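Beneath this line is the structure, given in structure tokens, with notes to follow.
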Amino acid sequence: MKISAQLIKEIQSHYLEYAQGSLSATGSTPLPPECAKPGSLIYVSSPDQLKTALEIPAGIIVCLKKILKESIELKADQALFLTPAIPAAMALINPLFDTKKSRWPMGIHPSAHISPSAKLGDNVTVSINCVIGDEVIIGENTFIGPNSVVEKGAQIGSSTYLHPSVFIGANCIIGNHCEIHPHTTIGSDGFGYAKDPQTGIAHKIPQLGIVVLEDHVELGANCAIDRATLTETRICSGTKLDNLVHIAHNCVLGKNGFYTAGFMTAGSSEIGANFACGGGVVVADHIKITDNVTLGGRSAVTKDVTESGAYTGYPLEPWREGLRTLANLPNVSEMRKQISEIRKHLGLDKDSP
Amino acid sequence: MKISAQLIKEIQSHYLEYAQGSLSATGSTPLPPECAKPGSLIYVSSPDQLKTALEIPAGIIVCLKKILKESIELKADQALFLTPAIPAAMALINPLFDTKKSRWPMGIHPSAHISPSAKLGDNVTVSINCVIGDEVIIGENTFIGPNSVVEKGAQIGSSTYLHPSVFIGANCIIGNHCEIHPHTTIGSDGFGYAKDPQTGIAHKIPQLGIVVLEDHVELGANCAIDRATLTETRICSGTKLDNLVHIAHNCVLGKNGFYTAGFMTAGSSEIGANFACGGGVVVADHIKITDNVTLGGRSAVTKDVTESGAYTGYPLEPWREGLRTLANLPNVSEMRKQISEIRKHLGLDKDSP
Amino acid sequence: MKISAQLIKEIQSHYLEYAQGSLSATGSTPLPPECAKPGSLIYVSSPDQLKTALEIPAGIIVCLKKILKESIELKADQALFLTPAIPAAMALINPLFDTKKSRWPMGIHPSAHISPSAKLGDNVTVSINCVIGDEVIIGENTFIGPNSVVEKGAQIGSSTYLHPSVFIGANCIIGNHCEIHPHTTIGSDGFGYAKDPQTGIAHKIPQLGIVVLEDHVELGANCAIDRATLTETRICSGTKLDNLVHIAHNCVLGKNGFYTAGFMTAGSSEIGANFACGGGVVVADHIKITDNVTLGGRSAVTKDVTESGAYTGYPLEPWREGLRTLANLPNVSEMRKQISEIRKHLGLDKDSP
């Protein structure tokens, strides 16, 4: 797959600036400098990488602006773009190479089972073996991959992409421009029971609520988002979940959050906007975390977090303190030995029972 | 959806007592007081919530008995019930509002692939695109949701509900009144290999055993329950698993347990009855945990637990001690500093090599 | 199912030695001595188990060589084999009892949706409701279980076994003799975004790379393996993953590794050959772990591991030190008390602010 410099130049963004070279130059699927082929589009973020890209030679070079100290000499069929941030440039250019929409035939596949009461917008794809229940509503340009199941009364917005083998439970609401990866479950029952103290038997509390995903939400693979007991579990706009994330009933995840793999929250917790975390974080139930909080990997939240900032550890501490605690844990054995020596030295060890 | 007070009054339970009002009053789908609509059924557990419910006005009020200090005045089309425990009342009343059985058409769907040698009881639903293997047995009133796969020789009891996209592996046995959520895998192979010390190559030990779920077991979404090496992995009656739980080969989970999200146990461990835990707990292999054990979130079990009670932490400690250790961890940096000062004060720091 | 001693004798391996008895003796599906039936094949690794096996009586006994101190007396229809390692013997003999290949009809099922541009080798099974995309290549003798989805351009080697409900994403490459369990996702997008610091909005970086599984790789159930941003996420030959494992984009897992349940690695990390770990291990991003590293359960890797060996804990320490730290953590409360006493004793507590 090849993209022309002209096409890239047409992207309007202050993150991407055409610098020099032929606009009819083309770049094939981007590869890192160390394994690119002649003609590749190459992102470079160091002078060494730039040198490599010129030697290969790249078809199109997208260069971190601050590393370009002097003008460079391009071949006749090369082009150079500048960016203040490589990830931003990749977010702008890589969609031109994305094959997602061509993986399966577009349109309604004859093998799909679609309830007559479902309402589908224009240009919807319901792919092979999909199952769409009664009264489902699907907005225009939305793509439902093979073997996905959408239960009765669920609503899916427009321009949303469901990969194959996704499950959307009854009455759940998915926004516009969302993306959901395979084997993710939306709308499983919350973990709610009334345990009879006499018999020890757990009686199920049917979970009557729903899950709401606002717009531009992305969920990774093999996640599980539980429906609320009565109301809704909500993931606000722009929030992204990695793989194997568990969100319990009644939780609210604020907008523009990043929830890295293995994140789990217990029921009824509310997390503010712009949250971010490393992998394997857990949050207890009925916790409130304010806006603009960042948590280190493996941290655990058992109390409300009322001030914005970075935290880490279990128990959770402000970032620096948490790192210091972590760094000091391996000293515990030596510390214990030293305390014992001091007590001996002071004769305090004889007081012990 | 509306339910009459009469219907609720017909529920026979000491957890639910008709107090006053019209038996022809109706309540629509329950909502919490703070977001209920006129006519809602409302559960109230505080005087403030009761006031709110009366103002809205609720159709039916289910009130925590101990907060009702004086008689209240109802409108002509309202009814009041009392309960000693709101979750118990929800477990009794919410099933009246549950739409689970109406999400998909009942009966055998023509698109289902059912082996001629499978045996289905009366009133079984095998929904769209299900795949039922040879010699499978399914008990009466059981519901198999769309896209689920049941392999050869598996047995499923009666009145069991498989949500869509569930996998039941060959020869596994599922009891009566079970419920299994989407993308859960029952009967994947145990993680068993014989590693050749010379070559470093791992030779697979085929896992010939099965998984047994006894009656009234519920599994959340995206769980994985491995079949045993030779015999069985067993989940005893009444036990409930949350989402993303992993149970390794040969394990036995005792009856009436609660296994919160992210629970993982390694092979051949046996957990007693009435177990409960917070999220993210791990149990090592060949561990025995006695009956009536509760574990805090994130705790890890690496030794047998022989006495009933509550424990937490890693390493595991009795509940209070575990919480105290956890609370003291952030002091480790300061403690180290103080030890250093003491050693200096005593001239002990000069003895160090 | 019954296997004859003759068939076992024909297995050529220094891990299995025919000792005595009738070669026409048969053993039914292996069971542990404590629950075996007359005629079972029984593996025994202690004198007590041997006694039990003889009493039942077993059809075929496979005995740990070093526990057989004297010759034993067999019945006319029994046979005895010796092995230096029971797991090795199980890896050799249990395949004779494995029913995996007979769970579903072989061949191309008429309900399977196979793109006309897909290329299938000889003797391939594509089972019920499978969906095989354009330009997919599947090698000979490979088995694709019901409801699995293979996207456009993916390649699957020969003699590979995909259980039901597996997802293989576009262009991903699966080797020969691999095995993948249900609800595992291969080729979900890596978790890559460019966050605009002004707006807080995360712009997706389309993930253009692939996942490569080399030969003899086995993945458990409900795993998620992300495709690379530009190049590939690679799992090298002979490596085995347990259930609920997450591998992020651009990672490389070296050959012959064991990744126990709940293992998670963040992006771009490289793990050497012969890695092994307990459950619930996490590895941060851009980490390098050298060959021959073993990690204890629940450990976390946040820095490169440059020397082979065993490590455990968070932070990670060499095995013995890590265990010692862990063992000492419960002393922290008592240590704090003792430090306080010492400071009081020395009058140091008055210096504190």
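Following the order of the structure tokens, chains are lettered A, B, ..., residues in each are numbered from 1, and ligands are numbered from 1.
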
Q: Please identify all polymer residues within 7 Å of region 37-39 of chain B, counting only C-alpha atoms, omitting same-chain residues fewer than 2 positions from it, and present them as a PyMOL selection string.
A: chain B and resi 27-28+35+41+56-59

With C-alpha atoms retained, write the just-selected residues as a PDB file, in the first residue's frame.
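File written: result-v9.pdb
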```pdb
ATOM      1  CA  GLY B  27     -44.650   0.210  40.241  1.00  0.00           C
ATOM      2  CA  SER B  28     -42.591   0.617  37.099  1.00  0.00           C
ATOM      3  CA  CYS B  35     -33.442   9.425  39.741  1.00  0.00           C
ATOM      4  CA  LEU B  41     -41.016   1.171  42.395  1.00  0.00           C
ATOM      5  CA  ILE B  56     -41.924  11.864  43.370  1.00  0.00           C
ATOM      6  CA  PRO B  57     -44.420  10.068  43.945  1.00  0.00           C
ATOM      7  CA  ALA B  58     -43.393   6.417  43.837  1.00  0.00           C
ATOM      8  CA  GLY B  59     -45.926   3.818  42.727  1.00  0.00           C
TER       9      GLY B  59
END
```

Hey, could you make a per-residue contact list for chain A against chain C with 7 Å as the cut-off, showing the nearest pair of atoms and its distance in Å to one decimal, counting only C-alpha atoms, sorted by chain and number, as CSV?
```
residue,atom,partner,partner_atom,distance
A:Pro30,CA,C:Leu230,CA,6.4
A:Leu31,CA,C:Leu230,CA,5.6
A:Pro87,CA,C:Ala194,CA,5.2
A:Ala88,CA,C:Ala194,CA,5.1
A:Met90,CA,C:Ile205,CA,5.9
A:Ala91,CA,C:Ile205,CA,4.2
A:Asn94,CA,C:Pro206,CA,5.7
A:Pro95,CA,C:Pro206,CA,5.8
A:Asp98,CA,C:Pro206,CA,6.4
A:Arg103,CA,C:Lys152,CA,5.4
A:Trp104,CA,C:Gly133,CA,6.9
A:His181,CA,C:Ser188,CA,6.3
A:Pro182,CA,C:Thr185,CA,6.4
A:His183,CA,C:His183,CA,6.2
A:Ala221,CA,C:Ala224,CA,6.1
A:Asn222,CA,C:Asn222,CA,6.6
A:Gly238,CA,C:Ile201,CA,6.6
A:Asp242,CA,C:Phe191,CA,6.0
A:Asn243,CA,C:Ala224,CA,6.7
A:Asn256,CA,C:Ile201,CA,6.1
A:Leu326,CA,C:Pro315,CA,6.6
A:Pro330,CA,C:Thr325,CA,5.7
A:Val332,CA,C:Thr325,CA,6.2
A:Ser333,CA,C:Thr325,CA,5.7
A:Arg336,CA,C:Met335,CA,6.7
```

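Excluding Ala19 (chain C) and any residue on its chain fewer than 4 positions from it, the residues at most 9 Å away by only C-alpha atoms are Ala79, Leu80, Phe81 and Leu82 of chain C.
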
Just the selected residues (C-alpha atoms), exported as a PDB file, in the first residue's frame, please.
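As a result, out.pdb now contains:
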```
ATOM      1  CA  ALA C  79       1.141 -54.830  32.264  1.00  0.00           C
ATOM      2  CA  LEU C  80       3.754 -52.658  33.945  1.00  0.00           C
ATOM      3  CA  PHE C  81       5.770 -49.795  32.477  1.00  0.00           C
ATOM      4  CA  LEU C  82       8.486 -47.780  34.186  1.00  0.00           C
TER       5      LEU C  82
END
```

Please list as a compact mmCIF listing (two decimals) with C-alpha atoms, in the first residue's frame every residue within 8 Å of region 43-51 of chain B, counting only C-alpha atoms and excluding residues in the same chain fewer than 5 positions away.
```txt
# COMPACT_ATOMS: atom_id res chain seq x y z
CA PRO B 30 -37.18 0.14 40.07
CA LEU B 31 -34.97 3.21 40.18
CA PRO B 32 -33.01 4.77 43.03
CA PRO B 33 -34.88 7.63 44.80
CA GLU B 34 -32.54 10.26 43.33
CA ILE B 61 -42.29 1.85 48.07
CA VAL B 62 -40.21 -0.93 49.56
CA CYS B 63 -38.84 0.45 52.80
CA LEU B 64 -36.17 -0.73 55.19
CA ILE B 67 -36.18 3.42 59.43
CA LEU B 68 -39.97 3.66 59.52
CA ILE B 86 -33.08 -4.15 50.96
```

**Q.** Residues near region 1-8 of chain B, cut-off 6 Å, only C-alpha atoms, skip fewer than 5 positions along chain, as a ChimeraX atom specification
**A.** /B:23-29

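Between CA of Gly145 (chain B) and CA of Ala118 (chain B) there is a distance of 16.9 Å.
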
Q: Might you pull out every residue within 7 Å of Ile137 (chain B), with only C-alpha atoms counted and same-chain residues fewer than 5 positions away left off, and present them as a count of residues only?
A: 6

Q. Region 12-191 of chain A: which residues are strand (DSSP E or B) by DSSP, as a PyMOL selection string?
A. chain A and resi 17-21+26-28+40-44+60-64+79-83+108+113-114+119-120+125-126+131-132+137-138+143-144+149-150+155-156+161-162+167-168+173-174+179-180+185-188

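You will find CA of Lys9 (chain C) at 23.2 Å from CA of Thr52 (chain C).
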
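Here CA of His177 (chain B) is placed at a distance of 17.2 Å from CA of Leu96 (chain B).
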
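In the backbone-derived DSSP annotation, helix (DSSP H, G or I) within region 82-244 of chain A comprises A:Ile86, A:Pro87, A:Ala88, A:Ala89, A:Met90, A:Ala91, A:Leu92, A:Ile93, A:Asn94, A:Pro95, A:Leu96, A:Phe97, A:Lys100, A:Lys101, A:Ser102.
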